[in-house]
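**Q** I'm passing along my_file_36.txt; it holds compact mmCIF, C-alpha atoms.
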```
# COMPACT_ATOMS: atom_id res chain seq x y z
CA MET K 1 0.00 0.00 0.00
CA ASP K 2 2.84 2.37 0.65
CA GLN K 3 6.54 2.62 0.03
CA THR K 4 9.16 4.43 2.02
CA GLU K 5 12.32 5.92 0.63
CA GLU K 6 15.35 7.24 2.47
CA ARG K 7 14.80 9.52 5.42
CA TYR K 8 14.54 13.27 4.92
CA PRO K 9 13.06 13.96 2.65
CA PHE K 10 11.09 10.77 2.44
CA HIS K 11 7.74 10.15 0.88
CA LYS K 12 4.91 7.70 1.16
CA THR K 13 2.12 7.21 -1.31
CA PHE K 14 -1.34 5.89 -0.59
CA HIS K 15 -3.98 4.74 -3.02
CA VAL K 16 -7.48 6.01 -2.20
CA GLU K 17 -10.42 4.17 -3.73
CA GLY K 18 -13.53 6.19 -4.51
CA GLY K 19 -16.57 4.92 -2.61
CA ASP K 20 -14.50 2.90 -0.11
CA PHE K 21 -16.31 4.25 2.93
CA ILE K 22 -15.19 1.35 5.12
CA HIS K 23 -11.57 2.48 5.11
CA ALA K 24 -12.25 6.22 5.14
CA GLY K 25 -9.95 7.74 7.74
CA SER K 26 -7.41 4.93 7.75
CA ILE K 27 -4.76 6.83 5.77
CA SER K 28 -4.94 9.75 8.17
CA SER K 29 -4.51 7.31 11.02
CA GLN K 30 -1.47 5.69 9.34
CA VAL K 31 0.13 9.06 8.61
CA LYS K 32 -0.38 10.12 12.21
CA ARG K 33 1.65 7.12 13.33
CA VAL K 34 4.41 7.81 10.84
CA LEU K 35 4.72 11.44 12.00
CA LYS K 36 4.57 10.40 15.64
CA GLU K 37 7.42 7.95 15.13
CA GLU K 38 9.43 10.73 13.51
CA GLY K 39 8.93 12.80 16.65
CA PHE K 40 7.12 15.79 15.14
CA PRO K 41 5.36 18.17 17.57
CA LYS K 42 1.86 17.17 18.57
CA ASN K 43 0.15 20.21 17.09
CA VAL K 44 1.86 19.64 13.73
CA ILE K 45 0.71 16.02 13.70
CA ARG K 46 -2.83 17.04 14.67
CA ARG K 47 -3.10 19.69 11.96
CA MET K 48 -1.72 17.36 9.30
CA SER K 49 -3.97 14.48 10.40
CA ILE K 50 -7.09 16.67 10.25
CA ALA K 51 -6.23 17.95 6.77
CA ILE K 52 -5.47 14.45 5.48
CA PHE K 53 -8.70 13.07 6.94
CA GLU K 54 -10.73 15.67 5.07
CA ALA K 55 -8.72 15.20 1.87
CA GLU K 56 -9.13 11.43 2.04
CA MET K 57 -12.88 11.80 2.54
CA ASN K 58 -13.10 14.07 -0.48
CA VAL K 59 -11.58 11.44 -2.77
CA ILE K 60 -13.73 8.65 -1.32
CA CYS K 61 -16.89 10.74 -1.59
CA TYR K 62 -16.44 12.43 -4.93
CA ALA K 63 -13.79 10.75 -7.10
CA ARG K 64 -13.19 7.38 -8.75
CA TRP K 65 -9.75 7.02 -7.23
CA GLY K 66 -6.83 9.09 -6.11
CA ILE K 67 -3.23 9.08 -4.95
CA LEU K 68 -2.24 10.79 -1.74
CA THR K 69 1.46 11.57 -1.44
CA LEU K 70 3.04 12.56 1.83
CA VAL K 71 6.44 14.25 1.68
CA VAL K 72 8.24 14.70 4.97
CA PHE K 73 11.03 17.23 5.42
CA PRO K 74 12.53 18.10 8.80
CA ASP K 75 11.04 21.62 8.62
CA PHE K 76 7.73 21.04 6.90
CA ILE K 77 5.33 18.36 5.77
CA LYS K 78 3.57 18.44 2.48
CA VAL K 79 0.72 16.43 1.00
CA ALA K 80 -0.46 16.25 -2.59
CA VAL K 81 -3.72 14.55 -3.54
CA ASP K 82 -4.46 13.86 -7.18
CA ASP K 83 -7.73 12.27 -8.09
CA GLU K 84 -9.54 11.17 -11.19
CA GLY K 85 -13.23 11.95 -11.16
CA ALA K 86 -15.91 14.53 -11.76
CA GLY K 87 -13.75 17.45 -10.68
CA ILE K 88 -15.07 20.68 -9.19
CA HIS K 89 -17.05 23.17 -11.28
CA ASP K 90 -16.28 26.21 -9.19
CA VAL K 91 -13.29 25.93 -6.86
CA ASN K 92 -14.07 29.16 -5.01
CA GLN K 93 -17.64 28.07 -4.38
CA ALA K 94 -16.40 24.68 -3.10
CA MET K 95 -14.18 26.50 -0.61
CA ARG K 96 -17.12 28.30 0.98
CA GLU K 97 -18.18 26.91 4.35
CA GLY K 98 -21.50 25.14 4.04
CA PHE K 99 -21.37 24.57 0.28
CA SER K 100 -21.83 20.87 -0.42
CA THR K 101 -22.92 18.48 -3.15
CA ALA K 102 -22.83 15.48 -0.81
CA SER K 103 -25.13 12.50 -1.20
CA GLU K 104 -27.29 11.06 1.57
CA LYS K 105 -24.75 8.26 2.08
CA ILE K 106 -21.95 10.76 2.74
CA ARG K 107 -24.13 12.72 5.17
CA GLU K 108 -25.00 9.55 7.05
CA LEU K 109 -21.30 9.12 7.77
CA GLY K 110 -21.19 12.56 9.36
CA PHE K 111 -19.50 14.31 6.46
CA GLY K 112 -20.74 16.39 3.55
CA ALA K 113 -21.54 19.48 5.59
CA GLY K 114 -19.43 21.64 3.32
CA MET K 115 -16.70 22.08 5.92
CA GLY K 116 -13.93 19.90 4.52
CA LEU K 117 -11.99 22.23 2.28
CA SER K 118 -12.30 25.18 4.64
CA ASN K 119 -11.12 22.94 7.49
CA ILE K 120 -8.08 22.02 5.41
CA LYS K 121 -7.40 25.68 4.70
CA LYS K 122 -7.63 26.58 8.37
CA VAL K 123 -5.29 23.91 9.68
CA THR K 124 -2.58 24.24 7.04
CA ASP K 125 -0.03 26.95 6.24
CA GLU K 126 -0.37 26.69 2.47
CA MET K 127 -3.08 25.20 0.32
CA VAL K 128 -3.66 25.01 -3.41
CA LEU K 129 -6.69 23.53 -5.12
CA THR K 130 -7.09 23.15 -8.85
CA SER K 131 -9.62 21.11 -10.77
CA VAL K 132 -10.60 20.15 -14.28
CA VAL K 133 -14.24 19.16 -14.70
CA ASN K 134 -14.71 15.53 -15.72
CA GLN K 135 -11.01 14.85 -15.23
CA GLY K 136 -10.00 15.35 -11.64
CA THR K 137 -8.76 17.53 -8.84
CA HIS K 138 -5.33 18.40 -7.53
CA LEU K 139 -5.03 19.46 -3.92
CA GLU K 140 -1.85 20.20 -2.09
CA PHE K 141 -1.18 21.58 1.32
CA MET K 142 1.65 21.93 3.76
CA VAL K 143 2.26 22.50 7.44
CA ASN K 144 5.43 24.16 8.71
CA VAL K 145 7.10 22.44 11.60
CA ASN K 146 8.69 25.69 12.76
CA PRO K 147 7.78 29.23 11.73
CA VAL K 148 9.78 30.22 8.66
CA ARG K 149 10.45 33.53 7.00
CA ASN K 150 8.47 32.95 3.85
CA SER K 151 6.56 30.30 2.01
CA CYS K 152 9.19 29.81 -0.73
CA GLU K 153 11.74 28.92 1.89
CA ALA K 154 9.24 26.64 3.55
CA LEU K 155 8.36 24.89 0.36
CA ASN K 156 11.90 24.39 -0.75
CA PRO K 157 14.40 25.18 1.96
CA ALA K 158 17.29 23.38 0.34
CA GLY K 159 16.43 23.85 -3.30
CA ILE K 160 15.36 20.23 -3.55
CA ASN K 161 13.05 19.22 -6.36
CA LEU K 162 9.69 18.81 -4.69
CA LYS K 163 8.18 16.65 -7.38
CA CYS K 164 6.53 14.20 -5.09
CA ASN K 165 4.12 12.14 -7.06
CA PRO K 166 5.47 10.13 -9.94
CA ALA K 167 1.90 9.82 -11.23
CA THR K 168 1.61 13.54 -11.91
CA SER K 169 3.91 16.10 -13.34
CA GLY K 170 2.99 18.85 -10.87
CA THR K 171 5.63 20.35 -8.61
CA ALA K 172 5.18 22.83 -5.82
CA GLU K 173 7.17 25.40 -7.78
CA GLN K 174 4.89 25.14 -10.77
CA HIS K 175 1.76 25.91 -8.80
CA ASP K 176 2.43 29.51 -7.90
CA ILE K 177 1.28 28.90 -4.37
CA ILE K 178 -0.62 31.68 -2.68
CA SER K 179 -0.34 31.83 1.08
CA ASN K 180 -3.31 29.85 2.32
CA GLY K 181 -5.24 30.88 -0.74
CA VAL K 182 -7.04 29.16 -3.54
CA LYS K 183 -5.94 29.24 -7.09
CA ASP K 184 -8.70 28.56 -9.55
CA GLY K 185 -7.92 25.93 -12.13
CA ALA K 186 -6.18 27.57 -15.04
CA GLU K 187 -7.15 24.63 -17.20
CA LYS K 188 -10.87 25.13 -16.67
CA MET N 1 -13.93 13.55 36.41
CA THR N 2 -12.88 10.02 35.51
CA LEU N 3 -14.45 7.77 32.91
CA ASN N 4 -15.83 5.75 35.78
CA ASP N 5 -17.56 8.88 37.20
CA ILE N 6 -19.06 9.49 33.75
CA ARG N 7 -20.22 5.89 33.60
CA LYS N 8 -21.99 6.23 36.95
CA VAL N 9 -23.61 9.59 36.19
CA LEU N 10 -25.06 8.32 32.93
CA ASP N 11 -25.68 4.72 33.91
CA ALA N 12 -23.49 3.94 30.93
CA GLU N 13 -22.26 0.63 29.61
CA VAL N 14 -18.55 0.27 28.93
CA ILE N 15 -18.16 -1.16 25.44
CA ALA N 16 -14.37 -0.95 25.18
CA GLY N 17 -11.53 0.09 27.49
CA ASN N 18 -12.81 -1.36 30.73
CA GLU N 19 -9.24 -1.25 32.05
CA ARG N 20 -9.03 2.52 31.48
CA LEU N 21 -11.93 3.68 33.63
CA ASP N 22 -9.62 5.66 35.91
CA LYS N 23 -8.68 7.93 33.01
CA GLU N 24 -9.25 11.63 33.78
CA ILE N 25 -11.50 13.51 31.38
CA GLY N 26 -11.24 17.28 31.69
CA TYR N 27 -13.19 18.45 28.65
CA ALA N 28 -15.95 17.29 26.35
CA PHE N 29 -17.88 18.24 23.26
CA ALA N 30 -20.87 16.85 21.44
CA ALA N 31 -21.22 16.44 17.68
CA ASP N 32 -22.65 14.09 15.09
CA LEU N 33 -20.92 15.77 12.18
CA LEU N 34 -17.35 14.55 11.94
CA SER N 35 -16.23 17.67 10.11
CA ASP N 36 -17.42 19.57 13.19
CA VAL N 37 -15.35 17.25 15.37
CA LEU N 38 -12.31 17.87 13.18
CA ALA N 39 -12.98 21.63 13.20
CA ILE N 40 -13.24 21.74 16.99
CA ALA N 41 -10.23 19.50 17.40
CA ARG N 42 -7.99 21.76 15.35
CA ARG N 43 -7.76 23.98 18.42
CA GLY N 44 -6.80 20.96 20.50
CA ALA N 45 -9.00 18.33 22.03
CA ASP N 46 -6.38 16.05 23.53
CA GLY N 47 -7.96 13.64 25.95
CA ALA N 48 -11.45 15.11 25.52
CA LEU N 49 -14.66 13.13 25.57
CA LEU N 50 -16.65 13.05 22.33
CA ILE N 51 -20.40 12.72 22.89
CA THR N 52 -22.06 11.53 19.70
CA GLY N 53 -24.88 9.61 18.10
CA ASN N 54 -22.76 8.81 15.05
CA ILE N 55 -22.22 5.07 14.72
CA THR N 56 -19.57 4.71 12.02
CA LEU N 57 -16.00 3.49 11.82
CA GLN N 58 -15.05 7.05 10.93
CA VAL N 59 -15.87 8.20 14.47
CA ILE N 60 -13.13 5.89 15.75
CA TYR N 61 -10.62 7.03 13.11
CA THR N 62 -11.48 10.65 13.89
CA ALA N 63 -10.99 10.11 17.62
CA ASP N 64 -7.65 8.47 16.91
CA VAL N 65 -6.22 11.18 14.67
CA VAL N 66 -7.07 14.02 17.06
CA ASP N 67 -6.19 12.10 20.25
CA LEU N 68 -9.58 12.16 21.92
CA GLY N 69 -9.75 10.54 25.35
CA ALA N 70 -12.94 8.51 24.89
CA ILE N 71 -16.20 8.31 22.94
CA LEU N 72 -19.63 8.25 24.53
CA PHE N 73 -22.52 7.09 22.36
CA VAL N 74 -25.94 8.48 23.27
CA ARG N 75 -29.55 7.39 22.76
CA GLY N 76 -28.58 3.76 23.28
CA LYS N 77 -26.79 3.61 19.96
CA ARG N 78 -24.56 0.60 20.10
CA PRO N 79 -21.29 0.59 18.14
CA THR N 80 -20.75 -2.25 15.70
CA GLU N 81 -18.32 -5.11 16.28
CA SER N 82 -15.84 -3.67 13.76
CA MET N 83 -15.96 -0.30 15.56
CA ILE N 84 -15.24 -2.01 18.87
CA GLN N 85 -12.32 -3.94 17.37
CA LEU N 86 -10.82 -0.77 15.92
CA ALA N 87 -11.30 1.11 19.20
CA ASN N 88 -9.56 -1.68 21.11
CA GLN N 89 -6.71 -1.64 18.62
CA MET N 90 -6.38 2.14 18.99
CA GLN N 91 -6.92 2.01 22.75
CA ILE N 92 -9.91 4.34 22.69
CA PRO N 93 -12.50 3.67 25.42
CA LEU N 94 -16.12 3.48 24.27
CA LEU N 95 -19.17 4.03 26.49
CA MET N 96 -22.85 3.93 25.69
CA THR N 97 -25.76 5.57 27.50
CA SER N 98 -29.50 5.50 26.94
CA TYR N 99 -29.81 9.20 27.75
CA ILE N 100 -30.40 11.50 24.79
CA MET N 101 -27.65 13.91 23.83
CA PHE N 102 -29.17 16.94 25.58
CA GLU N 103 -29.62 15.07 28.87
CA THR N 104 -26.15 13.54 28.59
CA CYS N 105 -24.48 16.92 28.11
CA GLY N 106 -26.59 18.55 30.82
CA ARG N 107 -25.83 15.94 33.43
CA LEU N 108 -22.09 16.05 32.75
CA TYR N 109 -21.97 19.86 32.65
CA GLN N 110 -23.87 20.06 35.91
CA ARG N 111 -21.14 17.95 37.51
CA GLY N 112 -18.37 20.21 36.33
CA LEU N 113 -17.28 18.81 32.97
CA LYS N 114 -16.46 21.74 30.67
CA GLY N 115 -16.58 22.11 26.90
CA CYS N 116 -13.41 22.09 24.78
CA VAL N 117 -14.51 25.24 23.02
CA GLU N 118 -17.23 27.62 24.18
CA LYS N 119 -18.02 29.44 20.97
CA ALA N 120 -17.17 29.23 17.30
CA GLY N 121 -15.18 32.11 15.87
CA ASP N 122 -13.92 33.37 19.21
CA GLY N 123 -10.60 34.37 17.73
CA SER N 124 -8.82 31.05 17.84
CA ASP N 125 -9.93 30.11 14.33
```
Could I get this structure in the form of structure tokens?
**A**
Amino acid sequence: MDQTEERYPFHKTFHVEGGDFIHAGSISSQVKRVLKEEGFPKNVIRRMSIAIFEAEMNVICYARWGILTLVVFPDFIKVAVDDEGAGIHDVNQAMREGFSTASEKIRELGFGAGMGLSNIKKVTDEMVLTSVVNQGTHLEFMVNVNPVRNSCEALNPAGINLKCNPATSGTAEQHDIISNGVKDGAEK
Amino acid sequence: MTLNDIRKVLDAEVIAGNERLDKEIGYAFAADLLSDVLAIARRGADGALLITGNITLQVIYTADVVDLGAILFVRGKRPTESMIQLANQMQIPLLMTSYIMFETCGRLYQRGLKGCVEKAGDGSD
């Protein structure tokens, strides 16, 4: 299910199956353990776990499948989620608290209240969401372990290529990340 | 207040974590929506009691990722066997009471158990 490379930076990838409600939340739980073993501060682990839980639910609820990639640096942790599915018509609308297209099944599980993306935004230091209708959605977010001077430094402190998901060609540098903002899909 | 005190106050059944009844619970909150749980927990809910009527595996995963102290199911809603197994594996105590959520919260509050967060949007968001 996952593969680990050398420490710092190391990455793990997780396959997320759309509609697999039974295992919803399990990736977040696994990541929490990985970060705990690495000795990251509790609040960093909590923020990352919350964001991953919501991201995982989004793929399960709305996409056919997705890949969640965790990249762990000593100073920051980054996650990229690429899914294949219906995509999001209006990214800014999807970010609004309370906006939801959830089915009854999703609501029965206690999700689909339109809080997920705004929760992710609130617990992370940087977040980017782009989507192409009928193709899929790309979400990435990061949490700084220690306060840093600026986001560029945080995203790439040592000039290391951040390309984290072999399945996609996106890199953090290419996404023109806005501090905790949303960038509408240029491809739309 | 310990889990055992909570059990007595609510005439609750211990579903998992019988060996952890001496655990101290300082704070609680009630929610059925797991996104609400995650939103409240982003300000910190370590060791808190979650009072809920939501009977899904995701409640257990949620409690695990935000380090909740225990889960109390209301209205006599009994967790499934797979939920109990997961809770045991993650060492999360589970209790169940027949009281409805309002009564459950009222009885615990009356005995001094405080909420994790008093109000949304109080500046810590």
**Q** Extract, using all atoms listed in the file, all DNA, RNA and protein residues at most 8 Å from segment 80-91 of chain K, discarding same-chain residues fewer than 6 positions from it, and format them as a ChimeraX atom specification.
**A** /K:55,59,62-70,129-141,164-165,168,182,184-185
**Q** With all atoms listed in the file as the basis for distance, which of N:Gly17, N:Gly44, N:Gly26, N:Gly112 is at the shortest distance from chain K?
**A**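 The answer is N:Gly44, which sits nearest to chain K.
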**Q** Find the residues of chain K in contact range of chain N, meaning any atom within 8 Å when counting all atoms listed in the file, and list them as a list in words.
**A** Ile22, Ala24, Gly25, Ser26, Ser28, Ser29, Lys32, Asn43, Arg46, Arg47, Ser49, Ile50, Phe53, Glu54, Leu109, Gly110, Phe111, Ala113, Met115, Gly116, Asn119, Lys122 and Val123 of chain K
**Q** With only C-alpha atoms as the atoms that count, which of K:Met95, K:Phe10, K:Glu56, K:Ala102 lies nearest to Lys121 of chain K?
**A** K:Met95
**Q** Can you work out the spacing between atom CA of Lys8 of chain N and atom CA of Leu68 of chain N in Å, to one decimal?
**A**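 Computing the Euclidean distance for atom CA of Lys8 of chain N and atom CA of Leu68 of chain N yields 20.4 Å.
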**Q** I'd like the interatomic distance between atom CA of Phe73 of chain K and atom CA of Leu35 of chain K, to a tenth of an Å.
**A**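 These two atoms are separated by 10.8 Å.
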